[in-house]
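So this one's start.csv, CSV, C-alpha atoms:
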chain,number,residue,atom,x,y,z
K,1,MET,CA,-72.3,25.9,-69.3
K,2,SER,CA,-73.7,25.6,-72.8
K,3,ARG,CA,-72.6,22.8,-75.1
K,4,ASP,CA,-71.8,23.6,-78.6
K,5,ALA,CA,-69.9,22.1,-81.4
K,6,GLU,CA,-66.8,24.3,-80.8
K,7,HIS,CA,-66.2,23.0,-77.3
K,8,SER,CA,-65.1,19.5,-76.5
K,9,GLY,CA,-63.5,17.4,-73.8
K,10,VAL,CA,-62.2,17.9,-70.3
K,11,LEU,CA,-58.5,18.7,-69.9
K,12,VAL,CA,-56.8,17.8,-66.6
K,13,PHE,CA,-53.5,19.3,-65.6
K,14,ALA,CA,-51.1,18.5,-62.7
K,15,GLU,CA,-47.4,18.6,-62.1
K,16,SER,CA,-47.0,14.9,-61.6
K,17,PRO,CA,-48.5,11.6,-62.8
K,18,GLU,CA,-49.5,10.8,-59.1
K,19,ARG,CA,-51.5,14.0,-58.9
K,20,LEU,CA,-53.1,13.4,-62.3
K,21,ALA,CA,-54.1,9.9,-61.1
K,22,ARG,CA,-55.8,11.5,-58.1
K,23,LEU,CA,-57.8,13.9,-60.3
K,24,ALA,CA,-58.9,11.1,-62.7
K,25,SER,CA,-61.9,10.1,-60.7
K,26,THR,CA,-63.3,13.6,-60.6
K,27,GLY,CA,-62.5,13.9,-64.3
K,28,ARG,CA,-64.3,10.6,-65.1
K,29,ASP,CA,-67.4,11.8,-63.2
K,30,LEU,CA,-67.4,15.0,-65.2
K,31,VAL,CA,-66.9,13.4,-68.7
K,32,ARG,CA,-69.7,10.9,-67.8
K,33,ALA,CA,-72.1,13.8,-67.2
K,34,LEU,CA,-70.9,15.8,-70.2
K,35,GLY,CA,-70.4,12.9,-72.7
K,36,ALA,CA,-67.0,14.3,-73.5
K,37,PRO,CA,-63.5,12.7,-73.7
K,38,LEU,CA,-61.0,13.0,-70.8
K,39,ALA,CA,-57.5,14.1,-71.5
K,40,ALA,CA,-54.5,14.5,-69.2
K,41,VAL,CA,-51.8,17.1,-69.9
K,42,VAL,CA,-48.3,16.3,-68.7
K,43,LEU,CA,-45.0,18.0,-69.4
K,44,ASP,CA,-42.1,15.6,-70.3
K,45,GLY,CA,-40.0,17.0,-67.5
K,46,ASP,CA,-42.6,16.3,-65.0
K,47,CYS,CA,-43.1,12.7,-66.1
K,48,PRO,CA,-39.7,11.1,-66.8
K,49,GLU,CA,-41.0,7.5,-66.6
K,50,GLY,CA,-43.6,8.1,-69.3
K,51,PRO,CA,-47.3,8.7,-69.1
K,52,ALA,CA,-48.6,5.1,-69.9
K,53,VAL,CA,-49.8,4.7,-66.3
K,54,LEU,CA,-52.4,7.5,-66.9
K,55,PHE,CA,-54.4,5.4,-69.3
K,56,ASP,CA,-54.9,2.9,-66.5
K,57,ASN,CA,-56.5,5.7,-64.5
K,58,GLY,CA,-59.2,6.2,-67.1
K,59,TYR,CA,-57.7,8.9,-69.3
K,60,GLU,CA,-58.6,8.4,-72.9
K,61,GLU,CA,-55.9,10.6,-74.1
K,62,VAL,CA,-52.5,11.8,-72.7
K,63,ILE,CA,-51.1,14.9,-74.2
K,64,ARG,CA,-47.3,14.9,-73.7
K,65,VAL,CA,-45.7,18.3,-74.0
K,66,HIS,CA,-42.0,18.0,-74.9
K,67,CYS,CA,-39.8,20.3,-72.9
K,68,GLU,CA,-36.7,20.1,-70.8
K,69,PRO,CA,-37.0,19.4,-67.0
K,70,ARG,CA,-36.5,22.4,-64.8
K,71,ASP,CA,-35.4,22.7,-61.2
K,72,SER,CA,-37.9,25.5,-60.4
K,73,PHE,CA,-41.6,26.0,-60.7
K,74,ALA,CA,-42.2,28.0,-63.9
K,75,PRO,CA,-45.9,29.1,-63.9
K,76,GLU,CA,-45.3,31.0,-67.1
K,77,ARG,CA,-44.2,27.9,-68.9
K,78,TYR,CA,-47.3,25.9,-67.7
K,79,THR,CA,-49.6,28.8,-68.5
K,80,HIS,CA,-48.1,29.1,-72.0
K,81,VAL,CA,-48.6,25.4,-72.7
K,82,LEU,CA,-52.2,25.3,-71.3
K,83,MET,CA,-53.2,28.4,-73.1
K,84,ALA,CA,-52.1,26.9,-76.4
K,85,LEU,CA,-54.1,23.7,-75.7
K,86,ALA,CA,-57.1,25.7,-74.5
K,87,LYS,CA,-57.2,27.7,-77.7
K,88,GLU,CA,-56.6,24.6,-79.9
K,89,ARG,CA,-59.1,22.3,-78.2
K,90,ALA,CA,-61.6,24.7,-76.5
K,91,PRO,CA,-62.3,22.3,-73.7
K,92,LEU,CA,-65.6,22.3,-71.8
K,93,ALA,CA,-63.7,22.3,-68.6
K,94,MET,CA,-60.2,22.2,-67.2
K,95,LEU,CA,-59.3,20.6,-64.0
K,96,PHE,CA,-56.2,21.6,-62.0
K,97,ASP,CA,-54.5,20.1,-59.0
K,98,ALA,CA,-55.4,22.0,-55.9
K,99,SER,CA,-51.7,22.5,-55.0
K,100,LYS,CA,-50.0,25.9,-54.9
K,101,THR,CA,-48.7,25.3,-58.4
K,102,GLY,CA,-52.1,24.2,-59.8
K,103,THR,CA,-53.9,27.1,-58.0
K,104,GLU,CA,-51.6,29.7,-59.5
K,105,VAL,CA,-51.6,28.2,-63.0
K,106,CYS,CA,-55.4,27.9,-62.9
K,107,ALA,CA,-55.7,31.6,-62.0
K,108,ARG,CA,-53.4,32.7,-64.8
K,109,VAL,CA,-55.0,30.5,-67.5
K,110,SER,CA,-58.6,31.3,-66.5
K,111,SER,CA,-57.8,35.0,-66.3
K,112,LYS,CA,-56.2,35.0,-69.8
K,113,LEU,CA,-59.2,33.2,-71.1
K,114,GLY,CA,-61.5,35.6,-69.4
K,115,LEU,CA,-63.2,32.9,-67.4
K,116,PRO,CA,-64.0,32.3,-63.7
K,117,ALA,CA,-62.4,29.5,-61.7
K,118,ALA,CA,-63.2,27.7,-58.5
K,119,THR,CA,-60.3,26.4,-56.4
K,120,GLY,CA,-60.0,23.9,-53.5
K,121,CYS,CA,-63.2,22.1,-54.6
K,122,ARG,CA,-64.4,19.1,-52.6
K,123,SER,CA,-66.8,18.0,-55.3
K,124,VAL,CA,-67.6,19.0,-58.8
K,125,ARG,CA,-70.8,18.0,-60.6
K,126,VAL,CA,-73.0,19.0,-63.6
K,127,GLU,CA,-76.5,20.1,-62.9
K,128,ASP,CA,-78.8,21.4,-65.6
K,129,GLU,CA,-75.9,21.9,-67.9
K,130,THR,CA,-74.2,24.0,-65.3
K,131,LEU,CA,-71.1,23.1,-63.3
K,132,VAL,CA,-71.7,23.1,-59.6
K,133,VAL,CA,-68.9,22.9,-57.1
K,134,GLU,CA,-68.6,22.5,-53.3
K,135,ARG,CA,-65.9,24.4,-51.5
K,136,LEU,CA,-64.9,25.2,-47.9
K,137,ALA,CA,-65.6,28.8,-46.8
K,138,TYR,CA,-65.0,31.0,-43.8
K,139,GLY,CA,-61.8,29.3,-42.7
K,140,GLY,CA,-63.1,25.9,-43.4
K,141,ARG,CA,-66.0,26.2,-40.9
K,142,PHE,CA,-68.7,26.3,-43.6
K,143,THR,CA,-69.3,24.7,-47.0
K,144,ALA,CA,-70.3,26.8,-50.0
K,145,VAL,CA,-72.1,25.5,-53.0
K,146,GLN,CA,-71.4,27.6,-56.1
K,147,LYS,CA,-72.3,27.4,-59.7
K,148,PHE,CA,-70.5,28.8,-62.8
K,149,GLU,CA,-72.3,31.6,-64.6
K,150,LYS,CA,-70.1,31.8,-67.6
K,151,PRO,CA,-70.8,29.5,-70.6
K,152,ARG,CA,-67.3,27.9,-70.3
K,153,PHE,CA,-65.2,27.4,-67.2
K,154,SER,CA,-61.8,26.3,-66.1
Q,1,MET,CA,-40.8,52.5,-54.1
Q,2,ASP,CA,-44.5,53.2,-54.7
Q,3,ILE,CA,-46.6,50.2,-53.5
Q,4,VAL,CA,-50.2,49.3,-53.9
Q,5,VAL,CA,-51.6,46.9,-51.2
Q,6,CYS,CA,-54.9,45.2,-52.0
Q,7,VAL,CA,-57.0,44.6,-48.9
Q,8,LYS,CA,-60.3,43.0,-48.1
Q,9,LYS,CA,-62.9,43.7,-45.4
Q,10,ILE,CA,-64.1,40.3,-44.1
Q,11,PRO,CA,-66.2,39.1,-41.2
Q,12,ASP,CA,-64.2,37.8,-38.2
Q,13,VAL,CA,-64.5,34.1,-39.1
Q,14,SER,CA,-63.3,33.0,-35.6
Q,15,GLN,CA,-66.5,34.4,-34.2
Q,16,LEU,CA,-68.9,33.1,-36.9
Q,17,THR,CA,-71.6,30.8,-35.8
Q,18,PRO,CA,-74.2,28.9,-37.9
Q,19,HIS,CA,-77.9,29.8,-37.8
Q,20,PRO,CA,-79.5,27.1,-35.6
Q,21,GLU,CA,-82.0,26.2,-38.3
Q,22,THR,CA,-80.5,27.0,-41.7
Q,23,GLY,CA,-76.8,26.4,-40.8
Q,24,ALA,CA,-75.9,29.6,-42.7
Q,25,PRO,CA,-73.2,31.8,-41.3
Q,26,GLN,CA,-74.6,34.7,-39.2
Q,27,LEU,CA,-72.5,37.4,-40.7
Q,28,ASP,CA,-74.5,40.2,-39.1
Q,29,LEU,CA,-73.5,39.1,-35.7
Q,30,VAL,CA,-69.8,39.4,-36.0
Q,31,PRO,CA,-67.4,42.4,-36.4
Q,32,ASN,CA,-65.6,43.0,-39.6
Q,33,GLN,CA,-61.8,43.1,-39.9
Q,34,LEU,CA,-58.9,43.1,-42.4
Q,35,SER,CA,-58.3,39.7,-43.9
Q,36,ASN,CA,-55.3,38.3,-41.9
Q,37,PHE,CA,-53.0,37.8,-44.9
Q,38,ASP,CA,-53.6,41.4,-45.9
Q,39,GLU,CA,-52.0,42.5,-42.6
Q,40,ASN,CA,-48.8,40.6,-43.7
Q,41,ALA,CA,-48.9,42.3,-47.1
Q,42,LEU,CA,-49.3,45.7,-45.3
Q,43,GLU,CA,-46.4,44.9,-43.0
Q,44,ALA,CA,-44.2,44.0,-45.9
Q,45,ALA,CA,-45.2,47.2,-47.7
Q,46,ALA,CA,-44.5,49.3,-44.6
Q,47,ARG,CA,-41.0,47.8,-44.1
Q,48,LEU,CA,-40.1,48.4,-47.8
Q,49,LYS,CA,-41.3,52.0,-47.5
Q,50,GLU,CA,-39.3,52.5,-44.3
Q,51,ALA,CA,-36.2,51.1,-46.0
Q,52,HIS,CA,-36.5,52.7,-49.5
Q,53,GLY,CA,-39.0,55.5,-49.2
Q,54,GLY,CA,-42.0,56.0,-51.5
Q,55,LYS,CA,-45.7,55.7,-50.6
Q,56,VAL,CA,-48.2,53.0,-49.9
Q,57,THR,CA,-51.7,53.1,-51.3
Q,58,LEU,CA,-54.5,50.8,-50.3
Q,59,VAL,CA,-57.0,49.5,-52.8
Q,60,THR,CA,-60.2,47.7,-51.8
Q,61,ALA,CA,-63.6,46.8,-53.1
Q,62,SER,CA,-66.5,46.3,-50.7
Q,63,PRO,CA,-70.3,46.4,-50.8
Q,64,SER,CA,-70.3,48.5,-47.6
Q,65,ASP,CA,-68.2,51.4,-46.2
Q,66,PRO,CA,-64.8,49.9,-45.4
Q,67,LYS,CA,-63.5,52.9,-43.4
Q,68,ASP,CA,-63.6,50.9,-40.1
Q,69,VAL,CA,-61.0,48.4,-41.4
Q,70,LEU,CA,-59.1,50.9,-43.6
Q,71,SER,CA,-58.3,53.0,-40.6
Q,72,LYS,CA,-56.2,50.2,-39.1
Q,73,ALA,CA,-54.6,49.5,-42.5
Q,74,LEU,CA,-53.7,53.2,-42.8
Q,75,ALA,CA,-52.3,53.2,-39.2
Q,76,MET,CA,-50.0,50.3,-40.2
Q,77,GLY,CA,-48.2,52.7,-42.6
Q,78,ALA,CA,-50.3,53.4,-45.7
Q,79,ASP,CA,-50.5,56.9,-47.0
Q,80,GLY,CA,-54.0,56.8,-48.5
Q,81,ALA,CA,-56.6,54.5,-49.9
Q,82,VAL,CA,-58.9,54.1,-52.9
Q,83,ALA,CA,-62.1,52.2,-52.1
Q,84,VAL,CA,-64.6,50.9,-54.6
Q,85,VAL,CA,-67.8,50.9,-52.5
Q,86,ASP,CA,-70.8,49.6,-54.3
Q,87,GLU,CA,-73.6,47.2,-53.3
Q,88,ALA,CA,-73.0,45.5,-56.7
Q,89,VAL,CA,-69.8,44.1,-55.2
Q,90,THR,CA,-71.8,41.8,-52.9
Q,91,GLY,CA,-71.0,38.1,-53.5
Q,92,LEU,CA,-68.4,38.7,-56.3
Q,93,ASP,CA,-65.7,36.1,-56.5
Q,94,SER,CA,-62.1,36.4,-57.6
Q,95,PHE,CA,-63.1,36.7,-61.2
Q,96,GLY,CA,-65.0,40.0,-60.7
Q,97,LEU,CA,-62.8,41.3,-57.8
Q,98,SER,CA,-59.6,41.1,-59.8
Q,99,ILE,CA,-61.2,43.0,-62.7
Q,100,ILE,CA,-62.4,45.8,-60.3
Q,101,LEU,CA,-59.0,46.0,-58.5
Q,102,ALA,CA,-57.2,46.2,-61.8
Q,103,GLU,CA,-59.4,49.0,-63.1
Q,104,CYS,CA,-59.1,50.8,-59.8
Q,105,ILE,CA,-55.3,50.7,-60.0
Q,106,ARG,CA,-55.3,51.8,-63.7
Q,107,TRP,CA,-57.5,54.7,-63.0
Q,108,TYR,CA,-56.3,56.0,-59.6
Q,109,VAL,CA,-52.8,54.5,-58.9
Q,110,PRO,CA,-51.3,54.2,-62.4
Q,111,LYS,CA,-47.7,54.7,-61.3
Q,112,PHE,CA,-46.5,51.9,-59.0
Q,113,ASP,CA,-43.5,49.7,-58.6
Q,114,LEU,CA,-45.1,46.9,-56.6
Q,115,VAL,CA,-48.6,45.4,-55.9
Q,116,LEU,CA,-48.8,43.4,-52.7
Q,117,CYS,CA,-51.7,41.0,-51.9
Q,118,GLY,CA,-52.4,38.4,-49.2
Q,119,GLU,CA,-52.1,35.0,-50.7
Q,120,GLY,CA,-55.8,34.5,-50.2
Q,121,SER,CA,-58.6,36.0,-48.1
Q,122,VAL,CA,-59.7,34.1,-44.9
Q,123,ASP,CA,-63.3,34.1,-45.9
Q,124,ASP,CA,-62.9,32.6,-49.4
Q,125,TYR,CA,-59.2,31.5,-49.7
Q,126,SER,CA,-59.4,31.0,-53.4
Q,127,CYS,CA,-55.8,32.3,-53.8
Q,128,GLN,CA,-56.9,33.6,-57.2
Q,129,VAL,CA,-57.0,37.4,-56.9
Q,130,GLY,CA,-53.3,38.0,-56.9
Q,131,PRO,CA,-52.3,36.1,-60.0
Q,132,ARG,CA,-55.5,37.1,-61.8
Q,133,LEU,CA,-54.8,40.8,-61.0
Q,134,ALA,CA,-51.2,40.4,-62.3
Q,135,GLU,CA,-52.6,39.0,-65.6
Q,136,GLN,CA,-55.0,41.9,-65.8
Q,137,LEU,CA,-52.2,44.4,-65.2
Q,138,THR,CA,-49.8,42.4,-67.4
Q,139,ILE,CA,-47.0,42.4,-64.8
Q,140,PRO,CA,-44.9,39.6,-63.4
Q,141,CYS,CA,-46.2,37.7,-60.4
Q,142,ILE,CA,-44.6,35.7,-57.6
Q,143,THR,CA,-47.0,33.9,-55.3
Q,144,PHE,CA,-46.7,32.4,-51.8
Q,145,VAL,CA,-43.7,34.6,-50.9
Q,146,THR,CA,-42.0,34.2,-47.5
Q,147,GLU,CA,-39.1,36.6,-48.0
Q,148,LEU,CA,-38.9,39.7,-50.1
Q,149,VAL,CA,-36.0,42.0,-50.8
Q,150,ALA,CA,-36.0,45.1,-53.0
Q,151,LEU,CA,-33.0,45.2,-55.3
Q,152,GLU,CA,-31.7,48.2,-57.3
Q,153,ALA,CA,-33.6,47.0,-60.3
Q,154,GLY,CA,-36.3,44.6,-59.3
Q,155,LEU,CA,-37.2,42.2,-56.5
Q,156,ARG,CA,-35.8,39.0,-55.1
Q,157,ALA,CA,-38.2,36.7,-53.3
Q,158,LYS,CA,-38.3,33.3,-51.7
Q,159,ARG,CA,-41.5,31.3,-52.4
Q,160,VAL,CA,-42.4,28.1,-50.7
Q,161,LEU,CA,-44.3,25.4,-52.6
Q,162,GLU,CA,-45.4,22.0,-51.4
Q,163,ARG,CA,-42.2,20.2,-52.1
Q,164,ARG,CA,-39.6,22.9,-52.4
Q,165,ALA,CA,-38.6,26.4,-51.7
Q,166,GLU,CA,-37.2,28.7,-54.5
Q,167,GLN,CA,-35.4,31.9,-54.8
Q,168,VAL,CA,-36.8,33.9,-57.7
Q,169,SER,CA,-36.3,37.4,-59.0
Q,170,CYS,CA,-38.3,39.7,-61.3
Q,171,GLN,CA,-38.3,43.2,-62.6
Q,172,THR,CA,-40.7,45.8,-61.3
Q,173,PRO,CA,-43.5,46.7,-61.6
Q,174,ALA,CA,-44.6,43.3,-60.2
Q,175,LEU,CA,-47.2,41.7,-58.0
Q,176,ILE,CA,-46.3,39.6,-55.0
Q,177,THR,CA,-48.6,37.5,-52.8
Q,178,VAL,CA,-47.6,36.8,-49.2
Q,179,GLY,CA,-48.7,34.5,-46.4
Q,180,THR,CA,-48.3,34.6,-42.7
Q,181,GLU,CA,-44.7,33.3,-42.8
Q,182,ILE,CA,-43.3,36.5,-44.2
Q,183,ASN,CA,-43.5,38.7,-41.1
Q,184,LYS,CA,-45.3,39.5,-37.9
Q,185,PRO,CA,-47.6,42.4,-38.5
Q,186,ARG,CA,-47.0,45.4,-36.2
Q,187,HIS,CA,-49.4,46.2,-33.4
Q,188,VAL,CA,-51.0,49.6,-33.9
Q,189,SER,CA,-52.5,51.5,-31.0
Q,190,LEU,CA,-56.0,52.9,-30.9
Q,191,LEU,CA,-54.5,56.4,-30.9
Q,192,ARG,CA,-52.6,55.7,-34.1
Q,193,ILE,CA,-55.7,54.2,-35.7
Q,194,MET,CA,-57.7,57.3,-34.8
Q,195,ALA,CA,-54.9,59.6,-36.1
Q,196,ALA,CA,-54.7,57.6,-39.3
Q,197,SER,CA,-58.4,57.9,-40.0
Q,198,ALA,CA,-57.7,61.5,-41.2
Q,199,ARG,CA,-55.6,60.2,-44.1
Q,200,PRO,CA,-57.3,60.4,-47.5
Q,201,ILE,CA,-59.7,57.7,-48.6
Q,202,LYS,CA,-61.1,58.2,-52.1
Q,203,THR,CA,-64.4,56.4,-52.6
Q,204,VAL,CA,-65.6,55.5,-56.0
Q,205,ARG,CA,-68.4,53.4,-57.5
Q,206,LEU,CA,-68.3,50.7,-60.2
Q,207,SER,CA,-69.7,53.1,-62.7
Q,208,ASP,CA,-66.7,55.4,-62.1
Q,209,LEU,CA,-64.5,52.6,-63.4
Q,210,GLY,CA,-66.8,51.9,-66.4
Q,211,LEU,CA,-67.8,48.6,-64.9
Q,212,ILE,CA,-71.2,46.9,-64.6
Q,213,ARG,CA,-72.1,44.0,-62.3
Q,214,GLU,CA,-73.2,41.7,-65.2
Q,215,ALA,CA,-69.7,41.6,-66.6
Q,216,LEU,CA,-68.2,40.7,-63.2
Q,217,THR,CA,-70.1,37.6,-62.2
Q,218,GLY,CA,-68.1,34.4,-62.3
Q,219,LEU,CA,-69.4,32.1,-59.6
Q,220,THR,CA,-72.8,32.4,-58.0
Q,221,THR,CA,-73.1,31.1,-54.4
Q,222,LEU,CA,-76.2,28.9,-54.1
Q,223,LYS,CA,-75.8,28.0,-50.4
Q,224,VAL,CA,-73.4,28.4,-47.5
Q,225,SER,CA,-73.9,26.2,-44.5
Q,226,ALA,CA,-72.1,24.6,-41.6
Q,227,PRO,CA,-71.9,20.8,-41.6
Q,228,ARG,CA,-74.4,19.5,-39.0
Q,229,ASN,CA,-72.9,17.8,-36.0
Q,230,LEU,CA,-75.3,15.0,-35.2
Q,231,ARG,CA,-74.3,13.9,-31.8
Q,232,LYS,CA,-75.6,10.6,-30.5
Q,233,ARG,CA,-75.9,11.7,-26.9
Q,234,ARG,CA,-75.4,8.2,-25.4
Q,235,VAL,CA,-74.6,8.1,-21.7
Q,236,LEU,CA,-72.7,5.1,-20.4
Q,237,GLN,CA,-73.2,4.3,-16.8
Q,238,GLY,CA,-71.5,1.9,-14.3
Q,239,SER,CA,-68.0,1.6,-12.8
Q,240,ALA,CA,-65.0,2.9,-14.7
Q,241,GLU,CA,-64.2,-0.7,-15.8
Q,242,GLU,CA,-67.8,-1.3,-17.0
Q,243,VAL,CA,-68.0,2.1,-18.8
Q,244,SER,CA,-64.6,1.4,-20.5
Q,245,ARG,CA,-65.8,-2.0,-21.7
Q,246,LYS,CA,-69.1,-0.6,-22.9
Q,247,LEU,CA,-67.3,2.2,-24.7
Q,248,VAL,CA,-65.0,-0.2,-26.5
Q,249,THR,CA,-68.0,-2.4,-27.5
Q,250,GLN,CA,-69.9,0.7,-28.7
Q,251,LEU,CA,-66.9,2.0,-30.8
Q,252,VAL,CA,-66.5,-1.5,-32.4
Q,253,GLU,CA,-70.2,-1.6,-33.2
Q,254,ASP,CA,-70.0,1.8,-34.8
Q,255,GLY,CA,-67.0,0.8,-36.8
Q,256,VAL,CA,-64.8,3.5,-35.3
Q,257,ILE,CA,-62.2,0.9,-34.2
Q,258,ALA,CA,-61.5,-2.6,-35.3
Q,259,ASN,CA,-62.4,-5.6,-33.2

Turn the structure described in the file into structure tokens.
Amino acid sequence: MSRDAEHSGVLVFAESPERLARLASTGRDLVRALGAPLAAVVLDGDCPEGPAVLFDNGYEEVIRVHCEPRDSFAPERYTHVLMALAKERAPLAMLFDASKTGTEVCARVSSKLGLPAATGCRSVRVEDETLVVERLAYGGRFTAVQKFEKPRFS
Amino acid sequence: MDIVVCVKKIPDVSQLTPHPETGAPQLDLVPNQLSNFDENALEAAARLKEAHGGKVTLVTASPSDPKDVLSKALAMGADGAVAVVDEAVTGLDSFGLSIILAECIRWYVPKFDLVLCGEGSVDDYSCQVGPRLAEQLTIPCITFVTELVALEAGLRAKRVLERRAEQVSCQTPALITVGTEINKPRHVSLLRIMAASARPIKTVRLSDLGLIREALTGLTTLKVSAPRNLRKRRVLQGSAEEVSRKLVTQLVEDGVIAN
């Protein structure tokens, strides 16, 4: 991961404020290492009670995206929103909830950006300006330590 | 309905053991097999083919010859296969694999109605290849599908997420990822596997697709190891009552149970 003036911040996305709260601790560790701000992305329909609680979890910014609530999972909608934000803000990293929703949206967004992604991470850290993750492998019987090769990641 | 099924040759993870000193998986000591979820994708493809006609083509990328596992996949109902066999595929994650599979489909199976993938592979389970491949091919994608029906124009699927199940539909061509809930893969006899091995398998290299390894590396694996089980090997002796009392005391001291 190379730091440059064009890239800034860490964006965190999840379908609900509860899941965003769970990701906050990993996000805080990352921004501490990167010296970058931590922002949560939440769609209005997913957060009817308002996003104020997210500030208590350590998010410095909450990006509310105005849209109508929907009954079904719409990966295209999430992808569209996150792609627009990724282009506008060029984040150093994006964190997704390791749910089925988060996994699919992560794949779609990172593929559109031409970037790799690591899913189901048990830990995420920065080493020598590179993002290093720990994931389960081989049916959960082994642990793999992997690093990102691309200058940016999601 | 012409269907592409993406399959992956993986080690049988149920037989994997860690190296006694390094803890690394001893991959050379176990047989290879089709990733389990790929068998469900193949079964779904075979059933659609039986109901609606068409052909099923397998696509795979592997650092070593995958014919041993492709024979079983062909016996399950596939008509042929295209295999990207290249040492440079070693260690590639979903970033590189999805690019290879997309190029392979574009070059060798350009006309298709449906791409079926397992929701993940048992060795990595990133669940990324399906949706990434759909993005590469710019086709609709439905993931984690548990029921699939071909309509006159398009597909209807049921997908199961953590909190809800949904009925969704899309136009073809499309990509669908499936898990084990969608069906029970058929058993194929050794005789059928041997007979199927005569079906065509086209083998190509990365260079045939205009790809180079450097452009395909996303994540680099630094280390794979099994967590060490450090057993305390304490033996409690005495009568059943004494041993029970000692066990409870020990568990309290170790913080396993509250006093």

Around the point (-73.2, 10.5, -34.0) (coordinates from the file), which residues reach within 12 Å if we count only C-alpha atoms? Answer as a PyMOL selection string.
chain Q and resi 228-234+250-251+254-256

If you count all atoms listed in the file, the residue of K:Glu18, K:Glu88, K:Glu149, K:Glu129 closest to Asp46 (chain K) turns out to be K:Glu18

Who sits within 9 Å of Leu48 (chain Q), only C-alpha atoms, same chain under 4 positions skipped, as a ChimeraX atom specification
/Q:1,3,43-44,52-54,149-150

Show me a table, sorted first by chain and then by increasing residue number, of the residues of chain K having an atom at most 8 Å from chain Q, each with its shortest atom pair and the distance in Å to one decimal, counting all atoms listed in the file and written as JSON lines.
{"residue": "K:Ser72", "atom": "CA", "partner": "Q:Glu166", "partner_atom": "CA", "distance": 6.7}
{"residue": "K:Ser99", "atom": "CA", "partner": "Q:Glu162", "partner_atom": "CA", "distance": 7.3}
{"residue": "K:Lys100", "atom": "CA", "partner": "Q:Leu161", "partner_atom": "CA", "distance": 6.2}
{"residue": "K:Thr101", "atom": "CA", "partner": "Q:Leu161", "partner_atom": "CA", "distance": 7.3}
{"residue": "K:Thr103", "atom": "CA", "partner": "Q:Cys127", "partner_atom": "CA", "distance": 6.9}
{"residue": "K:Glu104", "atom": "CA", "partner": "Q:Pro131", "partner_atom": "CA", "distance": 6.5}
{"residue": "K:Ala107", "atom": "CA", "partner": "Q:Gln128", "partner_atom": "CA", "distance": 5.3}
{"residue": "K:Arg108", "atom": "CA", "partner": "Q:Arg132", "partner_atom": "CA", "distance": 5.7}
{"residue": "K:Ser111", "atom": "CA", "partner": "Q:Arg132", "partner_atom": "CA", "distance": 5.5}
{"residue": "K:Lys112", "atom": "CA", "partner": "Q:Glu135", "partner_atom": "CA", "distance": 6.8}
{"residue": "K:Leu115", "atom": "CA", "partner": "Q:Gly218", "partner_atom": "CA", "distance": 7.2}
{"residue": "K:Pro116", "atom": "CA", "partner": "Q:Gly218", "partner_atom": "CA", "distance": 4.8}
{"residue": "K:Ala117", "atom": "CA", "partner": "Q:Phe95", "partner_atom": "CA", "distance": 7.3}
{"residue": "K:Ala118", "atom": "CA", "partner": "Q:Ser126", "partner_atom": "CA", "distance": 7.2}
{"residue": "K:Thr119", "atom": "CA", "partner": "Q:Ser126", "partner_atom": "CA", "distance": 5.6}
{"residue": "K:Gly120", "atom": "CA", "partner": "Q:Ser126", "partner_atom": "CA", "distance": 7.1}
{"residue": "K:Leu136", "atom": "CA", "partner": "Q:Asp124", "partner_atom": "CA", "distance": 7.8}
{"residue": "K:Ala137", "atom": "CA", "partner": "Q:Asp124", "partner_atom": "CA", "distance": 5.3}
{"residue": "K:Tyr138", "atom": "CA", "partner": "Q:Asp123", "partner_atom": "CA", "distance": 4.1}
{"residue": "K:Gly139", "atom": "CA", "partner": "Q:Val122", "partner_atom": "CA", "distance": 5.7}
{"residue": "K:Arg141", "atom": "CA", "partner": "Q:Ala226", "partner_atom": "CA", "distance": 6.3}
{"residue": "K:Phe142", "atom": "CA", "partner": "Q:Ala226", "partner_atom": "CA", "distance": 4.3}
{"residue": "K:Thr143", "atom": "CA", "partner": "Q:Ser225", "partner_atom": "CA", "distance": 5.4}
{"residue": "K:Ala144", "atom": "CA", "partner": "Q:Val224", "partner_atom": "CA", "distance": 4.3}
{"residue": "K:Val145", "atom": "CA", "partner": "Q:Lys223", "partner_atom": "CA", "distance": 5.2}
{"residue": "K:Gln146", "atom": "CA", "partner": "Q:Thr221", "partner_atom": "CA", "distance": 4.2}
{"residue": "K:Lys147", "atom": "CA", "partner": "Q:Thr220", "partner_atom": "CA", "distance": 5.3}
{"residue": "K:Phe148", "atom": "CA", "partner": "Q:Leu219", "partner_atom": "CA", "distance": 4.7}
{"residue": "K:Glu149", "atom": "CA", "partner": "Q:Gly218", "partner_atom": "CA", "distance": 5.5}
{"residue": "K:Lys150", "atom": "CA", "partner": "Q:Gly218", "partner_atom": "CA", "distance": 6.2}

To one decimal place in Å, what is the distance between CA of Thr79 (chain K) and CA of Ile105 (chain Q)?
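Going from CA of Thr79 (chain K) over to CA of Ile105 (chain Q), I get 24.2 Å.
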
With all atoms listed in the file counted, which protein, DNA or RNA residues have an atom no more than 12 Å from (-45.5, 27.7, -68.1) in the file frame? Please answer as a list in words.
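Within the cut-off we find Phe13, Glu15, Val42, Leu43, Val65, Cys67, Glu68, Pro69, Arg70, Ser72, Phe73, Ala74, Pro75, Glu76, Arg77, Tyr78, Thr79, His80, Val81, Leu82, Met83, Ala84, Thr101, Gly102, Glu104, Val105, Cys106, Arg108 and Val109 of chain K.
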
Record the distance separating CA of Glu119 (chain Q) and CA of Thr177 (chain Q), expressed in Å with one decimal.
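Calculated distance between CA of Glu119 (chain Q) and CA of Thr177 (chain Q) is 4.8 Å.
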
Report, in Å to a single decimal, how far apart CA of Val145 (chain Q) and CA of Leu34 (chain Q) are.
19.4 Å
